[in-house]
Amino acid sequence: MDRRDFLEQTAGLTLSAMAATAAPAKVRTGMLGTGHSHFNGKLKAMMDSPLFEIAGVVAESAAAAKNPAYAGLRWMSEAEMLNDPSIQLIVVECRAWEALPWGKKVIAAGKHLHLEKPPGNEYKPFRELVEEARKKNLRLQTGYLWRWHDGLNAAIEAAKKGWLGEVFMVRGTMSSDRGPEERAIEAHYKGGGLFELSGHVIDRMIEILGRPKAVKSWLRHDTSTPDKLADNNMAVFEYDRALAVVTQATKMAGSGDHRSFEVLGTDGSFVIYPERNPPTMRVHMRKAQGPYKAGWQEITLPPQPRFVADFAELGRSIQSGQPLRHSYDHELLLQETLLRASGEMV
């Protein structure tokens, strides 16, 4: 081995050792609640990630703690989790009416917070929660599904770079096919299915258009199901030079493949089907722009696993101290706009 080879190899070993030494510790995480349908997916995403260590779980019932699917988890009391100084992040998986009380406890305990959506049906307590997190420099991330979807992010990029010309319309729908138990949960709120699901759509809408100047909603019970759930809903959002329309139905056959998001402009349009298998988008450009040719084109996207990218961002943000892409102010505007659409505030 000559001197140059030796120096190159030893330099490589030194750099490897430095990288290993500098590698940030995993984010110790607690999961408060198991009742939300996203619990299993989020648990798996974090267990599969090199960024997280699951410190423990607080179960809402003895039955959950005895579920063989969760064998190997450490079960804790709420007090144990909140008072454990080694736990940096708590993921709250709960019903909407539990979100604000539980989230408030997490921020009061000085821990970063991932809060399941929708985070309650009140604006002022949510604003107080967000401002306390901001004051303490704690991360606060809400659990909206489409934030890291390649198709929706491509549409938002095209809109922001001017490739679509003047954006005059955003349309989206996230319908479902709910059974009696889920309908009973959603019927707690005036906005019904729209309150439960349309925040996913509104989240991306305001990223393009911002705060609407006016909101008009139709919250209807139109099926023969013997309850009072608002199960056929539409909200129209008015902007100075654009409109946005969000629709949501709660008893729709084939609802998953129908979920869609559209951004329409004078020079180009995107129509995305985020949850088809595989997810697809149709793009039209008046002239070639960025990676897109002129005319209509259909693009098949790779799989878009839920929860992976948002938790990766959250973990890296906690480790690095860098802010999340979606700011405290974005979370406030999203909650305000969802509540306006849901008939909870003017």
# chains A, B, ... in the order shown; residues from 1 in each chain; ligands from 1
$ select_by_dssp --residues "region 56-217 of chain A" --states "strand (DSSP E)" --output "ChimeraX atom specification"
/A:56-58,89-92,112-115,140-142,167-173,214-217
$ closest_atom_pairs --of "region 170-245 of chain A" --to "region 90-103 of chain A" --cutoff "9 Å" --atoms "only C-alpha atoms" --output "Markdown table"
| residue | atom | partner | partner_atom | distance |
| --- | --- | --- | --- | --- |
| A:Ile185 | CA | A:Arg95 | CA | 8.2 |
| A:His188 | CA | A:Trp97 | CA | 8.8 |
| A:Glu196 | CA | A:Ala96 | CA | 8.3 |
$ atom_distance --atom1 "CA of Gln141 (chain A)" --atom2 "CA of Ile107 (chain A)"
12.1 Å
$ closest_atom_pairs --of "region 298-339 of chain A" --to "region 258-277 of chain A" --cutoff "9 Å" --atoms "only C-alpha atoms" --output "tab-separated table"
residue	atom	partner	partner_atom	distance
A:Leu301	CA	A:Pro274	CA	9.0
A:Pro303	CA	A:Asn277	CA	7.9
A:Gln304	CA	A:Pro274	CA	8.2
$ write_last_selection --atoms "N, CA and C atoms" --output "short mmCIF file (atom, residue, chain, number, x, y, z; two decimals), in the first residue's frame"
data_model
loop_
_atom_site.label_atom_id
_atom_site.label_comp_id
_atom_site.auth_asym_id
_atom_site.auth_seq_id
_atom_site.Cartn_x
_atom_site.Cartn_y
_atom_site.Cartn_z
N LEU A 301 -48.05 7.46 -11.17
CA LEU A 301 -47.14 7.76 -10.07
C LEU A 301 -46.73 6.50 -9.35
N PRO A 303 -46.04 4.17 -5.90
CA PRO A 303 -46.85 4.07 -4.67
C PRO A 303 -46.57 5.25 -3.74
N GLN A 304 -47.63 5.70 -3.06
CA GLN A 304 -47.54 6.84 -2.15
C GLN A 304 -47.92 6.36 -0.75
#
$ residues_around --residues "Gly315 (chain A)" --least-positions-apart "4" --cutoff "8 Å" --atoms "only C-alpha atoms" --output "PDB file with N, CA and C atoms, in the first residue's frame"
ATOM      1  N   VAL A  27     -35.538   9.735  17.863  1.00  0.00           N
ATOM      2  CA  VAL A  27     -36.533  10.524  18.581  1.00  0.00           C
ATOM      3  C   VAL A  27     -37.399   9.565  19.396  1.00  0.00           C
ATOM      4  N   LEU A  51     -35.509   6.871  12.305  1.00  0.00           N
ATOM      5  CA  LEU A  51     -35.528   8.130  13.049  1.00  0.00           C
ATOM      6  C   LEU A  51     -36.190   8.023  14.413  1.00  0.00           C
ATOM      7  N   PHE A  52     -36.991   6.966  14.635  1.00  0.00           N
ATOM      8  CA  PHE A  52     -37.841   6.920  15.821  1.00  0.00           C
ATOM      9  C   PHE A  52     -37.581   5.679  16.673  1.00  0.00           C
ATOM     10  N   PHE A 311     -43.804  11.763   8.733  1.00  0.00           N
ATOM     11  CA  PHE A 311     -43.053  11.446   9.955  1.00  0.00           C
ATOM     12  C   PHE A 311     -41.553  11.584   9.736  1.00  0.00           C
ATOM     13  N   GLN A 319     -34.754  16.545  15.245  1.00  0.00           N
ATOM     14  CA  GLN A 319     -33.316  16.312  15.405  1.00  0.00           C
ATOM     15  C   GLN A 319     -32.494  17.541  15.042  1.00  0.00           C
TER      16      GLN A 319
END
